[in-house]
Amino acid sequence: MAAGRTLGAQQMRALIRKHKRLDALFGLLGLLALMVGVLTLAALFAGMAIDGIPRLTGDFFTSFPSRRAGQAGILSAWVGSILVMLVTAFFAVPVGIYGAIYLEEYARKNWFTDVIEINITNLAGVPSIVYGLLALGLFVYTFGLGQSILSAGLTLALLILPIVIVTTREALRAIPVHVREGAYACGASQWQVVHDHLLPYGLPGILTGVIIGMARAIGETAPIITIGALTFIAFLPPVPFSGEPPAGVLDWLFSPFTVMPIQIFNWTSRPDPAFHQNAAAASFVLVFMTLGMNGLAIWLRYRLRKNIKW
Amino acid sequence: MTATSTTPQRIQMADQALTGEARLAQMARTKVRRKRREKVIELVLLAAACVSVLTTVGIVYVLLKESLVFFSQVPLWTFLTDTQWTPLFSDAHFGIMVLLSGTLTSSTVALLVAIPLGTIIAIYLSEFAGHKTRETLKPVLELLSGVPTIIYGYFALLFVTPLLQKLFPELPGFNVLSAGLVMGVMIIPYVSSLSEDAMRAVPMSLREGSYAMGATRFQTAVKVVVPAALSGIASAYILGISRAVGETMILAVAAGMQPNLSFNPMEPAATITSYIVQVALGDLPHGSVGYQTIFAAGLMLMLLTLLFNLVGYWMRRRYREVY
């Protein structure tokens, strides 16, 4: 390695030793770097558990927020989160999957397809708060949907659309071409190939993408704050069929709401430490939800990668 | 692709009575119907694919529309050069520099954590770790990016800041340092996982060549694998930078929201993103100047991300290696 110079055996051995030591040192450094991440995660959980778990009683889930920290709960927050997620899934899942099918199976190679593809890549990099501004200008004021569950659900649907599209495309791409050729050879039309063969085979991968997207959506705070979700909500959206007959079923879509992350934000930004315990408890619930979903997706991916052999 | 030469079983059974001309006519009708149905489905799928384009158009439209109104009241030059940001006071100043300084400071702190650690982790996972270590540690690391950012905000404010205050007693309760550090840890998986993918895509023959020359793993990693994977690593860095610039909640919670033209991470500061949150939390009437500032700030943010993406695109092309 030393150019143009002959080394004695002694020096050579010293050089080898030095490089081997460097090698081992870097291995150690790598482990240390990994530990920074793992320890942060551990500290995060430990801190939350210590502060939060004493507050995790049944009452916490069935009470509205309150001025008194000891009586406050997350009822309106978790109900709001679930309703917003329903709206998000209702829009993002079909639009994302259909869009991906178009790009992967139907699209011809032309400039328009290129535009869509580049666009999806770029959208994935747009900061989430910009989606909030889009929703504020478009859904809330131009379309007049107000600061409602519908606006929030649509915003998050647009936000996770790139995730759903990209993972669905990957799932479809992983299906070998002979599955398609076999179906075509039996006289199937293109939609029959997609619907009867590709979707069932791709389903696990698509599901993984949808779960990851939803896990991302449930933890998003910034876009929902931007459209003006209230931080203090002491009522639930109207139950279907309780209002006037024609519109009553969907009244909840237009109701003001709060979601878990916003409740946490509200409690965290109060100076009183008693509220911080509430924030810890609510964070615990939220982390449990998102990491549970993420874990499920990771498990699904690893398991399926092992099982499917073409 | 439509089935032109095959006869669906169904038709054959139902129409056994039909023969000759009648049967051919029926088959033709079925075929037309089927073609029409396929066309409709394709259009529906195309419409779904176009939603993403419409989203971009919507973002650009909304940001430009509201910003134009804003810039008709506040000249662009003042916006770029004023050194105060007090849009909600009666003596209003709109100097975006103040918010930009917060964004740049916090992003710098975050990237000083995320880029070195992320790169080391990527090299370690790709070149040093055994199969088993990699398969167990990688998912754990990915969980880091799955934690909602609001929870990182809580963690930065109530866990990291008190810890840092033991080191630096004069550190204020809201500061950019702790928010930036936590942000950095959050960004690690974005950097490490893309970089690792890039390194793993480097052909084995290159490593084998290096090992055959007597290089150690470290030498191979630093002198062969990293240069070969540079374009992928660059995209990983760019992704990390965009995440840092666009990050909102950690800063809104832990960095305070006081506009502060300073690059000192030990002070509180407002960033472009946390300013938008601050305004959204208040009760600004639709159409007021304060309401329009957040769109101007958002436009600034979009331009910043766009700039980094362009740099990334250029770097990917510049350093691309083809095998």
# chains A, B, ... in the order shown; residues from 1 in each chain; ligands from 1
>>> residues_around(residues="Ala222 (chain A)", least_positions_apart="5", cutoff="8 Å", atoms="only C-alpha atoms", output="compact mmCIF listing (two decimals) with N, CA and C atoms, in the first residue's frame")
# COMPACT_ATOMS: atom_id res chain seq x y z
N SER A 128 -45.34 18.48 5.15
CA SER A 128 -46.75 18.22 5.40
C SER A 128 -47.53 19.50 5.67
N ILE A 129 -46.84 20.52 6.19
CA ILE A 129 -47.59 21.74 6.52
C ILE A 129 -48.09 22.43 5.25
N GLY A 132 -51.36 21.40 4.55
CA GLY A 132 -52.28 22.14 5.41
C GLY A 132 -52.69 23.45 4.77
N THR B 248 -42.10 20.54 11.47
CA THR B 248 -42.92 21.57 12.07
C THR B 248 -43.11 21.42 13.57
N MET B 249 -43.67 20.30 13.97
CA MET B 249 -44.19 20.23 15.33
C MET B 249 -43.10 20.25 16.39
N VAL B 277 -47.90 27.48 12.10
CA VAL B 277 -48.68 26.87 13.17
C VAL B 277 -49.19 27.93 14.14
>>> interface_residues(of="chain A", to="chain B", cutoff="6 Å", atoms="only C-alpha atoms", output="JSON, numbers by chain")
{"A": [23, 30, 33, 95, 98, 99, 102, 127, 134, 137, 187, 189, 219, 226, 228]}
>>> residues_around(residues="region 250-266 of chain A", least_positions_apart="3", cutoff="7 Å", atoms="only C-alpha atoms", output="ChimeraX atom specification")
/A:76-78,80-81,147-150,219-221,229-231,233,237-240,247,269-270,279,282-283,286 /B:150
>>> write_last_selection(atoms="N, CA and C atoms", output="short mmCIF file (atom, residue, chain, number, x, y, z; two decimals), in the first residue's frame")
data_model
loop_
_atom_site.label_atom_id
_atom_site.label_comp_id
_atom_site.auth_asym_id
_atom_site.auth_seq_id
_atom_site.Cartn_x
_atom_site.Cartn_y
_atom_site.Cartn_z
N SER A 76 -62.86 13.00 23.11
CA SER A 76 -63.11 13.67 21.82
C SER A 76 -61.92 13.48 20.88
N ALA A 77 -60.71 13.32 21.46
CA ALA A 77 -59.53 13.18 20.60
C ALA A 77 -59.50 11.83 19.89
N TRP A 78 -59.71 10.75 20.61
CA TRP A 78 -59.60 9.48 19.90
C TRP A 78 -60.79 9.23 18.99
N GLY A 80 -62.30 11.62 17.36
CA GLY A 80 -61.97 12.46 16.21
C GLY A 80 -60.93 11.80 15.31
N SER A 81 -59.88 11.25 15.94
CA SER A 81 -58.83 10.59 15.15
C SER A 81 -59.42 9.46 14.31
N GLN A 147 -63.93 24.02 8.82
CA GLN A 147 -62.87 23.36 9.59
C GLN A 147 -63.43 22.06 10.15
N SER A 148 -63.66 21.12 9.24
CA SER A 148 -64.45 19.95 9.59
C SER A 148 -63.66 18.66 9.46
N ILE A 149 -64.26 17.58 9.93
CA ILE A 149 -63.66 16.25 9.80
C ILE A 149 -63.42 15.92 8.34
N LEU A 150 -64.35 16.34 7.47
CA LEU A 150 -64.19 16.06 6.03
C LEU A 150 -62.93 16.73 5.48
N GLY A 219 -50.59 10.26 12.97
CA GLY A 219 -49.68 11.04 13.80
C GLY A 219 -49.45 12.45 13.30
N GLU A 220 -50.02 12.80 12.13
CA GLU A 220 -49.78 14.12 11.56
C GLU A 220 -50.51 15.20 12.36
N THR A 221 -49.79 16.25 12.68
CA THR A 221 -50.37 17.33 13.45
C THR A 221 -50.45 18.60 12.64
N ALA A 229 -58.14 23.21 13.16
CA ALA A 229 -58.84 22.35 14.11
C ALA A 229 -58.75 22.98 15.49
N LEU A 230 -59.80 22.88 16.25
CA LEU A 230 -59.80 23.49 17.57
C LEU A 230 -59.05 22.58 18.53
N THR A 231 -58.47 23.20 19.56
CA THR A 231 -57.71 22.38 20.50
C THR A 231 -58.56 21.98 21.68
N ILE A 233 -62.21 20.67 22.55
CA ILE A 233 -63.51 20.23 22.06
C ILE A 233 -64.12 19.36 23.15
N PRO A 237 -68.88 14.52 17.67
CA PRO A 237 -69.63 14.81 16.45
C PRO A 237 -70.99 14.13 16.52
N PRO A 238 -71.99 14.70 15.84
CA PRO A 238 -73.33 14.11 15.91
C PRO A 238 -73.35 12.67 15.41
N VAL A 239 -74.11 11.85 16.10
CA VAL A 239 -74.26 10.46 15.70
C VAL A 239 -75.15 10.42 14.46
N PRO A 240 -74.86 9.57 13.48
CA PRO A 240 -75.74 9.47 12.31
C PRO A 240 -77.19 9.21 12.73
N ALA A 247 -79.94 14.98 5.65
CA ALA A 247 -78.52 15.24 5.84
C ALA A 247 -77.99 14.59 7.11
N SER A 269 -48.14 22.27 25.49
CA SER A 269 -47.78 23.69 25.49
C SER A 269 -48.33 24.43 26.71
N ARG A 270 -49.00 23.73 27.62
CA ARG A 270 -49.39 24.42 28.86
C ARG A 270 -48.27 24.36 29.87
N ALA A 279 -50.33 14.78 28.66
CA ALA A 279 -49.72 14.69 27.34
C ALA A 279 -48.94 13.38 27.21
N ALA A 282 -51.43 10.55 26.75
CA ALA A 282 -52.01 10.55 25.40
C ALA A 282 -50.97 10.15 24.37
N SER A 283 -49.71 10.61 24.57
CA SER A 283 -48.64 10.22 23.65
C SER A 283 -48.47 8.71 23.67
N LEU A 286 -51.06 7.24 21.56
CA LEU A 286 -50.83 7.51 20.14
C LEU A 286 -49.67 6.68 19.60
N ILE B 150 -45.12 15.08 16.87
CA ILE B 150 -45.58 15.81 18.05
C ILE B 150 -45.00 15.17 19.32
#
>>> residues_around(residues="Ala157 (chain A)", least_positions_apart="6", cutoff="10 Å", atoms="only C-alpha atoms", output="ChimeraX atom specification")
/A:84-85,87-93,95-96,151,164,213-214,217
>>> residues_around(residues="Pro204 (chain A)", least_positions_apart="2", cutoff="12 Å", atoms="only C-alpha atoms", output="PDB file with C-alpha atoms, in the first residue's frame")
ATOM      1  CA  THR A 167     -46.098   0.775  -2.386  1.00  0.00           C
ATOM      2  CA  THR A 168     -48.970  -0.486  -4.535  1.00  0.00           C
ATOM      3  CA  GLU A 170     -44.025  -2.011  -6.003  1.00  0.00           C
ATOM      4  CA  ALA A 171     -46.430  -4.788  -5.049  1.00  0.00           C
ATOM      5  CA  LEU A 172     -47.773  -4.996  -8.613  1.00  0.00           C
ATOM      6  CA  ALA A 174     -43.205  -7.823  -7.993  1.00  0.00           C
ATOM      7  CA  ILE A 175     -45.802 -10.078  -9.626  1.00  0.00           C
ATOM      8  CA  LEU A 198     -52.942  -8.975  -9.809  1.00  0.00           C
ATOM      9  CA  LEU A 199     -54.955  -7.468  -6.956  1.00  0.00           C
ATOM     10  CA  PRO A 200     -55.244 -10.721  -4.973  1.00  0.00           C
ATOM     11  CA  TYR A 201     -51.546 -11.487  -5.427  1.00  0.00           C
ATOM     12  CA  GLY A 202     -50.534  -7.927  -4.651  1.00  0.00           C
ATOM     13  CA  ILE A 206     -50.763  -3.104  -0.978  1.00  0.00           C
ATOM     14  CA  LEU A 207     -52.060  -3.620   2.546  1.00  0.00           C
ATOM     15  CA  THR A 208     -48.603  -2.913   3.934  1.00  0.00           C
ATOM     16  CA  GLY A 209     -48.527   0.390   2.070  1.00  0.00           C
ATOM     17  CA  VAL A 210     -51.992   1.368   3.218  1.00  0.00           C
ATOM     18  CA  ILE A 211     -51.125   0.596   6.851  1.00  0.00           C
ATOM     19  CA  LEU A 296     -47.760  -4.818  11.724  1.00  0.00           C
ATOM     20  CA  ALA A 297     -46.631  -3.503   8.347  1.00  0.00           C
ATOM     21  CA  ILE A 298     -42.981  -4.426   8.930  1.00  0.00           C
ATOM     22  CA  TRP A 299     -43.993  -7.892  10.125  1.00  0.00           C
ATOM     23  CA  LEU A 300     -46.275  -8.338   7.134  1.00  0.00           C
ATOM     24  CA  ARG A 301     -43.497  -7.335   4.770  1.00  0.00           C
ATOM     25  CA  TYR A 302     -40.853  -9.613   6.251  1.00  0.00           C
ATOM     26  CA  ARG A 303     -43.231 -12.542   6.495  1.00  0.00           C
ATOM     27  CA  LEU A 304     -44.530 -12.222   2.993  1.00  0.00           C
ATOM     28  CA  ARG A 305     -41.125 -11.776   1.479  1.00  0.00           C
ATOM     29  CA  ASN A 307     -43.439 -16.973   1.926  1.00  0.00           C
ATOM     30  CA  ILE A 308     -44.052 -15.971  -1.654  1.00  0.00           C
TER      31      ILE A 308
END
>>> decode(residues="region 4-147 of chain B", atoms="C-alpha atoms", output="CSV table (one decimal), in the first residue's frame")
chain,number,residue,atom,x,y,z
B,4,THR,CA,-60.4,-11.5,-30.0
B,5,SER,CA,-59.9,-15.2,-30.8
B,6,THR,CA,-61.4,-16.9,-27.8
B,7,THR,CA,-65.0,-17.5,-27.0
B,8,PRO,CA,-66.1,-17.1,-23.4
B,9,GLN,CA,-67.6,-20.3,-22.1
B,10,ARG,CA,-70.7,-18.5,-20.8
B,11,ILE,CA,-71.8,-17.3,-24.2
B,12,GLN,CA,-71.4,-20.7,-25.7
B,13,MET,CA,-73.7,-22.4,-23.2
B,14,ALA,CA,-76.4,-19.7,-23.2
B,15,ASP,CA,-76.6,-19.4,-26.9
B,16,GLN,CA,-76.4,-22.9,-28.2
B,17,ALA,CA,-79.6,-22.4,-30.0
B,18,LEU,CA,-78.2,-19.6,-32.0
B,19,THR,CA,-76.3,-20.5,-35.1
B,20,GLY,CA,-74.6,-18.8,-38.1
B,21,GLU,CA,-75.2,-15.1,-38.6
B,22,ALA,CA,-77.2,-14.6,-35.4
B,23,ARG,CA,-74.5,-16.1,-33.2
B,24,LEU,CA,-71.7,-14.0,-34.9
B,25,ALA,CA,-73.8,-10.9,-34.4
B,26,GLN,CA,-74.3,-11.7,-30.7
B,27,MET,CA,-70.6,-12.3,-30.2
B,28,ALA,CA,-69.8,-9.0,-31.9
B,29,ARG,CA,-72.2,-7.2,-29.5
B,30,THR,CA,-70.6,-8.8,-26.5
B,31,LYS,CA,-67.2,-7.8,-27.7
B,32,VAL,CA,-68.3,-4.2,-28.2
B,33,ARG,CA,-69.8,-4.1,-24.7
B,34,ARG,CA,-66.7,-5.5,-23.2
B,35,LYS,CA,-64.5,-3.0,-25.0
B,36,ARG,CA,-66.6,-0.1,-23.9
B,37,ARG,CA,-66.5,-1.4,-20.3
B,38,GLU,CA,-62.7,-1.7,-20.5
B,39,LYS,CA,-62.4,1.9,-21.8
B,40,VAL,CA,-64.6,3.3,-19.0
B,41,ILE,CA,-62.5,1.5,-16.4
B,42,GLU,CA,-59.3,2.8,-17.9
B,43,LEU,CA,-60.7,6.4,-17.8
B,44,VAL,CA,-61.6,5.9,-14.1
B,45,LEU,CA,-58.1,4.7,-13.3
B,46,LEU,CA,-56.5,7.6,-15.3
B,47,ALA,CA,-58.7,10.0,-13.3
B,48,ALA,CA,-57.3,8.5,-10.0
B,49,ALA,CA,-53.7,8.9,-11.3
B,50,CYS,CA,-54.4,12.5,-12.1
B,51,VAL,CA,-55.4,13.3,-8.6
B,52,SER,CA,-51.7,13.7,-7.7
B,53,VAL,CA,-51.2,16.2,-10.5
B,54,LEU,CA,-54.2,18.1,-9.4
B,55,THR,CA,-52.8,18.2,-5.9
B,56,THR,CA,-49.6,19.9,-7.2
B,57,VAL,CA,-51.6,22.3,-9.3
B,58,GLY,CA,-53.7,23.0,-6.2
B,59,ILE,CA,-50.7,23.7,-4.0
B,60,VAL,CA,-49.1,26.0,-6.5
B,61,TYR,CA,-52.4,27.8,-7.2
B,62,VAL,CA,-53.3,28.4,-3.6
B,63,LEU,CA,-49.8,29.5,-2.6
B,64,LEU,CA,-49.4,31.8,-5.6
B,65,LYS,CA,-52.9,33.3,-5.3
B,66,GLU,CA,-52.6,34.3,-1.7
B,67,SER,CA,-49.0,35.3,-1.9
B,68,LEU,CA,-49.7,37.6,-4.8
B,69,VAL,CA,-52.3,39.5,-2.7
B,70,PHE,CA,-49.7,39.6,0.1
B,71,PHE,CA,-46.9,41.0,-2.2
B,72,SER,CA,-49.3,43.6,-3.6
B,73,GLN,CA,-49.3,45.0,0.0
B,74,VAL,CA,-45.7,44.2,1.1
B,75,PRO,CA,-43.0,44.8,-1.5
B,76,LEU,CA,-40.9,41.8,-2.3
B,77,TRP,CA,-37.7,43.7,-1.5
B,78,THR,CA,-38.8,44.6,2.0
B,79,PHE,CA,-39.9,41.0,2.5
B,80,LEU,CA,-36.4,39.8,1.6
B,81,THR,CA,-34.4,42.5,3.4
B,82,ASP,CA,-36.3,43.6,6.5
B,83,THR,CA,-34.7,42.4,9.7
B,84,GLN,CA,-37.9,42.2,11.8
B,85,TRP,CA,-40.8,39.9,11.7
B,86,THR,CA,-43.8,41.3,13.5
B,87,PRO,CA,-46.8,40.8,11.2
B,88,LEU,CA,-49.3,40.7,14.0
B,89,PHE,CA,-48.2,44.0,15.7
B,90,SER,CA,-49.7,47.4,14.7
B,91,ASP,CA,-46.1,48.3,13.6
B,92,ALA,CA,-45.9,45.4,11.2
B,93,HIS,CA,-42.7,44.3,9.7
B,94,PHE,CA,-42.3,41.4,7.3
B,95,GLY,CA,-38.7,40.3,7.1
B,96,ILE,CA,-38.6,36.6,6.1
B,97,MET,CA,-34.9,36.5,7.0
B,98,VAL,CA,-35.9,36.2,10.6
B,99,LEU,CA,-37.9,33.0,10.0
B,100,LEU,CA,-35.3,31.7,7.6
B,101,SER,CA,-32.5,32.1,10.2
B,102,GLY,CA,-34.6,29.9,12.5
B,103,THR,CA,-35.2,27.3,9.8
B,104,LEU,CA,-31.5,27.2,8.8
B,105,THR,CA,-30.2,27.0,12.4
B,106,SER,CA,-32.5,24.2,13.4
B,107,SER,CA,-31.9,22.3,10.1
B,108,THR,CA,-28.1,22.7,10.5
B,109,VAL,CA,-28.2,21.3,14.1
B,110,ALA,CA,-30.4,18.4,12.9
B,111,LEU,CA,-28.2,17.6,10.0
B,112,LEU,CA,-25.0,17.7,12.1
B,113,VAL,CA,-26.6,14.9,14.0
B,114,ALA,CA,-28.4,13.0,11.2
B,115,ILE,CA,-25.8,13.0,8.4
B,116,PRO,CA,-22.7,11.7,10.3
B,117,LEU,CA,-24.7,9.2,12.3
B,118,GLY,CA,-26.9,8.1,9.4
B,119,THR,CA,-23.9,7.6,7.2
B,120,ILE,CA,-21.9,5.6,9.8
B,121,ILE,CA,-25.0,3.5,10.5
B,122,ALA,CA,-25.5,2.9,6.7
B,123,ILE,CA,-21.8,1.8,6.3
B,124,TYR,CA,-22.0,-0.4,9.4
B,125,LEU,CA,-25.2,-2.1,8.3
B,126,SER,CA,-24.2,-2.6,4.7
B,127,GLU,CA,-20.5,-3.5,5.1
B,128,PHE,CA,-19.9,-4.6,8.7
B,129,ALA,CA,-23.0,-6.1,10.3
B,130,GLY,CA,-23.9,-9.7,9.9
B,131,HIS,CA,-27.2,-10.7,8.3
B,132,LYS,CA,-28.9,-11.3,11.6
B,133,THR,CA,-27.8,-8.0,13.2
B,134,ARG,CA,-29.0,-6.1,10.2
B,135,GLU,CA,-32.4,-7.9,10.1
B,136,THR,CA,-33.1,-7.1,13.7
B,137,LEU,CA,-31.6,-3.6,14.1
B,138,LYS,CA,-33.0,-2.1,10.8
B,139,PRO,CA,-36.7,-2.5,11.7
B,140,VAL,CA,-35.9,-1.0,15.2
B,141,LEU,CA,-34.2,2.0,13.5
B,142,GLU,CA,-37.2,2.4,11.1
B,143,LEU,CA,-39.5,2.7,14.1
B,144,LEU,CA,-37.7,6.0,14.8
B,145,SER,CA,-39.2,7.5,11.7
B,146,GLY,CA,-42.6,6.1,12.6
B,147,VAL,CA,-43.0,8.0,15.9
